[in-house]
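Participant: Here it is: the structure, laid out below.
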Amino acid sequence: MSKQLNTDNLVRSSDQLKLLRKSGHISALALKKVIQAVKPGLSLMELDRIAEEEIIRLGAKPAFKTVPNYYWTTCLTLNDEVVHGIPRNTKLQEGDIVSIDLGAIYHGWYSDVAWSIQAGQKAQFNPVKEQFLKVGEKALKSAISQAVDGNRVGDISAAMQAEIEKAGYSVVKSLTGHGVGKSYHEEPEIPGFGNKNMGMLLKSGMSLAIEAIYAAGEGEVFEKEDGWTIATEDESLSGLFEMTVIIAKNQAEVITDWRQV
């Protein structure tokens, strides 16, 4: 029989939430800085440096560097790559989909955020890719709307799955969102698929990293030879949208929204 999770341990105090909000604000500012820098010809390694400098400048530490044997501030993935991409000297090309994933630690509190965008000028954007990205953003928004006191993890998952599959895309089922706060990955896991009214009960003061991880194709993935990068088996496009949120009574508090900082 599986061990019953004590959800009370996942509820943060008001003082802890203040630190968590600050951590989230720093992650949001760092992501915004990287997004603003994205352009064809810039290397992924340069984007990683921008993120690291911003997080440190704001008085925090890069969360991803606490992962054993991971030495970078960000995970950066291109096109068919899904998550955990190592920053490298590859330069962005016009129309590339680049997913930027990063986190900060502020006074011991972790936050996590990710976003996918197209590289290049708006007038030259591929409308098919743009629609693909809009679906991921919408799926994340729908999932966050279910992250309220009294709902369950399955309500978040089901909302995300509905938006992605309605558009004809696939959830990457082998990867999930997660709790976040005192450490980078905490309970509960938050799959991108599931059933309403199932899973752990959500309580005000919990903090979650909700992730829409999806693909234009079948959603099956494999690990590349670098030992980190996960990519789609059918080489279809992938998207990643993630926010750290605090559960509340009527509406989740999003603490990493780079568009609001």
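How things are named: the first chain in the structure tokens is A, the next is B, and so on; residues count from 1 in each chain; ligands count from 1 in the order shown.
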Would you mind listing, for every residue of stretch 136-238 of chain A within 8 Å of stretch 73-86 of chain A, the two atoms forming the shortest contact and the distance between them in Å to one decimal, using only C-alpha atoms, sorted by chain and ascending residue number, as JSON lines?

Facilitator:
```
{"residue": "A:Ile213", "atom": "CA", "partner": "A:Val82", "partner_atom": "CA", "distance": 7.4}
{"residue": "A:Tyr214", "atom": "CA", "partner": "A:Val82", "partner_atom": "CA", "distance": 7.9}
{"residue": "A:Trp228", "atom": "CA", "partner": "A:His84", "partner_atom": "CA", "distance": 5.6}
{"residue": "A:Thr229", "atom": "CA", "partner": "A:Gly85", "partner_atom": "CA", "distance": 4.4}
{"residue": "A:Ile230", "atom": "CA", "partner": "A:Val83", "partner_atom": "CA", "distance": 5.4}
{"residue": "A:Ala231", "atom": "CA", "partner": "A:Glu81", "partner_atom": "CA", "distance": 4.0}
{"residue": "A:Thr232", "atom": "CA", "partner": "A:Asp80", "partner_atom": "CA", "distance": 5.6}
{"residue": "A:Glu235", "atom": "CA", "partner": "A:Asp80", "partner_atom": "CA", "distance": 5.2}
{"residue": "A:Ser236", "atom": "CA", "partner": "A:Asp80", "partner_atom": "CA", "distance": 5.3}
{"residue": "A:Leu237", "atom": "CA", "partner": "A:Asp80", "partner_atom": "CA", "distance": 4.4}
{"residue": "A:Ser238", "atom": "CA", "partner": "A:Asp80", "partner_atom": "CA", "distance": 5.3}
```

Participant: Take the selection from the previous step and output its residues with C-alpha atoms, as an mmCIF file, in the first residue's frame.

Facilitator:
```cif
data_model
loop_
_atom_site.group_PDB
_atom_site.id
_atom_site.type_symbol
_atom_site.label_atom_id
_atom_site.label_comp_id
_atom_site.auth_asym_id
_atom_site.auth_seq_id
_atom_site.Cartn_x
_atom_site.Cartn_y
_atom_site.Cartn_z
ATOM 1 C CA ILE A 213 4.268 19.853 -21.796
ATOM 2 C CA TYR A 214 2.954 18.797 -25.186
ATOM 3 C CA TRP A 228 19.747 15.334 -20.403
ATOM 4 C CA THR A 229 17.824 16.552 -23.435
ATOM 5 C CA ILE A 230 14.400 14.955 -23.968
ATOM 6 C CA ALA A 231 13.024 15.138 -27.529
ATOM 7 C CA THR A 232 10.001 13.819 -29.411
ATOM 8 C CA GLU A 235 10.580 14.857 -34.417
ATOM 9 C CA SER A 236 7.361 16.847 -34.033
ATOM 10 C CA LEU A 237 7.351 20.290 -32.446
ATOM 11 C CA SER A 238 7.130 20.557 -28.687
#
```

Participant: Listing only residues of stretch 36-90 of chain A within 9 Å of stretch 175-189 of chain A, what is the closest atom pair and its distance in Å (to one decimal) for each, using only C-alpha atoms, sorted by chain and residue number ascending, as a tab-separated table?

Facilitator:
```
residue	atom	partner	partner_atom	distance
A:Ala63	CA	A:Tyr184	CA	7.1
A:Phe64	CA	A:Tyr184	CA	8.1
A:Thr66	CA	A:Tyr184	CA	8.5
A:Val67	CA	A:Tyr184	CA	8.6
A:Val83	CA	A:Leu175	CA	8.8
```

Participant: Could you take the residues named above and write them with C-alpha atoms, as a short mmCIF file (atom, residue, chain, number, x, y, z; two decimals), in the first residue's frame?

Facilitator:
```cif
data_model
loop_
_atom_site.label_atom_id
_atom_site.label_comp_id
_atom_site.auth_asym_id
_atom_site.auth_seq_id
_atom_site.Cartn_x
_atom_site.Cartn_y
_atom_site.Cartn_z
CA ALA A 63 17.91 26.75 -8.89
CA PHE A 64 18.92 24.35 -11.65
CA THR A 66 21.45 22.45 -7.40
CA VAL A 67 20.52 19.46 -9.60
CA VAL A 83 12.70 19.60 -21.76
#
```

Participant: May I ask for the distance between atom CA of A:Trp109 and atom CA of A:Arg88, given in Å to one decimal place?

Facilitator: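 Result for atom CA of A:Trp109 versus atom CA of A:Arg88: 27.7 Å, one decimal.
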
Participant: Which one of A:Gln36, A:Asn89, A:Ser170, A:Ser27 sits closest to A:Ile55 if you count only C-alpha atoms?

Facilitator: A:Ser27

Participant: Enumerate, as a PyMOL selection string, the complete set of residues in stretch 58-144 of chain A that a backbone-based DSSP assignment places in helix (DSSP H, G or I).

Facilitator: chain A and resi 63-66+122-124+127-144

Participant: Neighbouring residues of A:Gly194 were defined as those with any atom within 9 Å, considering only C-alpha atoms; residues of the same chain fewer than 3 positions away were excluded. Please report them as an MDAnalysis selection string.

Facilitator: chainID A and resid 153:161 191 198:199

Participant: So which one's closest to A:Lys173, A:Leu201, A:Ile210, A:Ala104, A:Ala215? Using only C-alpha atoms, please.

Facilitator: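 Among the listed residues, A:Ala215 lies closest to A:Lys173.
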
Participant: Among stretch 84-166 of chain A, which residues does DSSP mark as strand (DSSP E) when it is run on the backbone? Keep the chain and numbering as in the structure and answer as a short mmCIF file (atom, residue, chain, number, x, y, z; two decimals) with N, CA and C atoms, in the first residue's frame.

Facilitator:
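Saved the output as out-v5.cif:
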```cif
data_model
loop_
_atom_site.label_atom_id
_atom_site.label_comp_id
_atom_site.auth_asym_id
_atom_site.auth_seq_id
_atom_site.Cartn_x
_atom_site.Cartn_y
_atom_site.Cartn_z
N ILE A 97 11.40 27.44 -32.57
CA ILE A 97 10.70 27.49 -31.30
C ILE A 97 11.74 27.20 -30.21
N VAL A 98 11.92 28.15 -29.32
CA VAL A 98 12.85 27.96 -28.21
C VAL A 98 12.05 27.99 -26.91
N SER A 99 12.27 26.97 -26.09
CA SER A 99 11.63 26.89 -24.78
C SER A 99 12.66 27.22 -23.71
N ILE A 100 12.32 28.17 -22.86
CA ILE A 100 13.23 28.67 -21.83
C ILE A 100 12.68 28.26 -20.47
N ASP A 101 13.45 27.49 -19.74
CA ASP A 101 13.04 26.96 -18.44
C ASP A 101 14.11 27.37 -17.44
N LEU A 102 13.70 28.02 -16.34
CA LEU A 102 14.66 28.45 -15.32
C LEU A 102 14.00 28.53 -13.96
N GLY A 103 14.84 28.67 -12.94
CA GLY A 103 14.32 28.80 -11.59
C GLY A 103 15.29 29.57 -10.72
N ALA A 104 14.78 30.08 -9.61
CA ALA A 104 15.61 30.84 -8.66
C ALA A 104 15.45 30.28 -7.26
N ILE A 105 16.50 30.47 -6.46
CA ILE A 105 16.42 30.17 -5.02
C ILE A 105 16.66 31.48 -4.28
N TYR A 106 15.68 31.86 -3.45
CA TYR A 106 15.81 33.08 -2.66
C TYR A 106 15.62 32.72 -1.20
N TRP A 109 14.14 29.35 -0.82
CA TRP A 109 12.86 29.05 -1.44
C TRP A 109 12.96 29.05 -2.96
N TYR A 110 12.47 27.99 -3.54
CA TYR A 110 12.61 27.72 -4.97
C TYR A 110 11.36 28.13 -5.75
N SER A 111 11.58 28.65 -6.95
CA SER A 111 10.49 28.91 -7.90
C SER A 111 10.93 28.39 -9.27
N ASP A 112 9.97 28.18 -10.14
CA ASP A 112 10.24 27.52 -11.42
C ASP A 112 9.30 28.10 -12.47
N VAL A 113 9.82 28.38 -13.67
CA VAL A 113 9.00 28.99 -14.71
C VAL A 113 9.55 28.62 -16.09
N ALA A 114 8.68 28.51 -17.07
CA ALA A 114 9.13 28.21 -18.44
C ALA A 114 8.16 28.81 -19.44
N TRP A 115 8.69 29.09 -20.63
CA TRP A 115 7.86 29.67 -21.70
C TRP A 115 8.48 29.32 -23.06
N SER A 116 7.64 29.12 -24.06
CA SER A 116 8.10 28.83 -25.42
C SER A 116 7.71 29.98 -26.35
N ILE A 117 8.67 30.38 -27.19
CA ILE A 117 8.40 31.46 -28.14
C ILE A 117 9.09 31.14 -29.47
N GLN A 118 8.68 31.87 -30.50
CA GLN A 118 9.38 31.79 -31.77
C GLN A 118 10.47 32.86 -31.83
#
```

Participant: Between A:Glu46, A:Glu53, A:Asp234, A:Asp8, which residue has the minimum interatomic distance to A:Ile26, considering only C-alpha atoms?

Facilitator: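 Once distances to A:Ile26 are computed over only C-alpha atoms, the minimum belongs to A:Glu53.
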
Participant: Compile the contact shell of stretch 138-141 of chain A as a ChimeraX atom specification: residues with an atom at most 9 Å away, counting only C-alpha atoms, same-chain residues fewer than 4 positions apart removed.

Facilitator: /A:133-134,145,159-164,210-212,241-243

Participant: Would you save the residues of that selection, restricted to N, CA and C atoms, as an mmCIF file, in the first residue's frame?

Facilitator:
```cif
data_model
loop_
_atom_site.group_PDB
_atom_site.id
_atom_site.type_symbol
_atom_site.label_atom_id
_atom_site.label_comp_id
_atom_site.auth_asym_id
_atom_site.auth_seq_id
_atom_site.Cartn_x
_atom_site.Cartn_y
_atom_site.Cartn_z
ATOM 1 N N LEU A 133 1.756 27.316 -30.235
ATOM 2 C CA LEU A 133 2.165 27.917 -28.969
ATOM 3 C C LEU A 133 0.991 28.513 -28.207
ATOM 4 N N LYS A 134 0.043 29.077 -28.924
ATOM 5 C CA LYS A 134 -1.138 29.652 -28.258
ATOM 6 C C LYS A 134 -1.919 28.585 -27.503
ATOM 7 N N SER A 145 -6.523 27.818 -13.599
ATOM 8 C CA SER A 145 -7.867 28.184 -13.123
ATOM 9 C C SER A 145 -8.454 27.129 -12.181
ATOM 10 N N ALA A 159 -8.026 19.660 -17.048
ATOM 11 C CA ALA A 159 -8.206 20.919 -17.781
ATOM 12 C C ALA A 159 -7.115 21.106 -18.821
ATOM 13 N N MET A 160 -5.892 20.766 -18.454
ATOM 14 C CA MET A 160 -4.765 20.889 -19.373
ATOM 15 C C MET A 160 -4.913 19.928 -20.550
ATOM 16 N N GLN A 161 -5.237 18.696 -20.246
ATOM 17 C CA GLN A 161 -5.395 17.682 -21.285
ATOM 18 C C GLN A 161 -6.483 18.058 -22.280
ATOM 19 N N ALA A 162 -7.592 18.580 -21.775
ATOM 20 C CA ALA A 162 -8.718 18.925 -22.649
ATOM 21 C C ALA A 162 -8.317 19.969 -23.683
ATOM 22 N N GLU A 163 -7.599 20.994 -23.264
ATOM 23 C CA GLU A 163 -7.204 22.061 -24.192
ATOM 24 C C GLU A 163 -6.213 21.555 -25.247
ATOM 25 N N ILE A 164 -5.280 20.752 -24.824
ATOM 26 C CA ILE A 164 -4.244 20.262 -25.748
ATOM 27 C C ILE A 164 -4.831 19.291 -26.765
ATOM 28 N N ILE A 210 3.053 24.279 -12.201
ATOM 29 C CA ILE A 210 2.149 23.651 -13.160
ATOM 30 C C ILE A 210 2.744 23.790 -14.552
ATOM 31 N N GLU A 211 2.836 22.669 -15.282
ATOM 32 C CA GLU A 211 3.510 22.655 -16.580
ATOM 33 C C GLU A 211 2.625 22.049 -17.667
ATOM 34 N N ALA A 212 2.485 22.777 -18.759
ATOM 35 C CA ALA A 212 1.891 22.217 -19.974
ATOM 36 C C ALA A 212 3.046 21.760 -20.854
ATOM 37 N N PHE A 241 5.093 25.338 -21.231
ATOM 38 C CA PHE A 241 4.606 26.530 -20.540
ATOM 39 C C PHE A 241 4.426 26.168 -19.068
ATOM 40 N N GLU A 242 5.047 26.963 -18.188
ATOM 41 C CA GLU A 242 5.055 26.626 -16.765
ATOM 42 C C GLU A 242 4.986 27.891 -15.914
ATOM 43 N N MET A 243 4.232 27.799 -14.831
ATOM 44 C CA MET A 243 4.173 28.867 -13.846
ATOM 45 C C MET A 243 4.167 28.263 -12.440
#
```

Participant: Between A:Ile255, A:Leu92, A:Met200, A:Leu240, which one has atoms that come closest to A:His25, using only C-alpha atoms?

Facilitator: A:Ile255
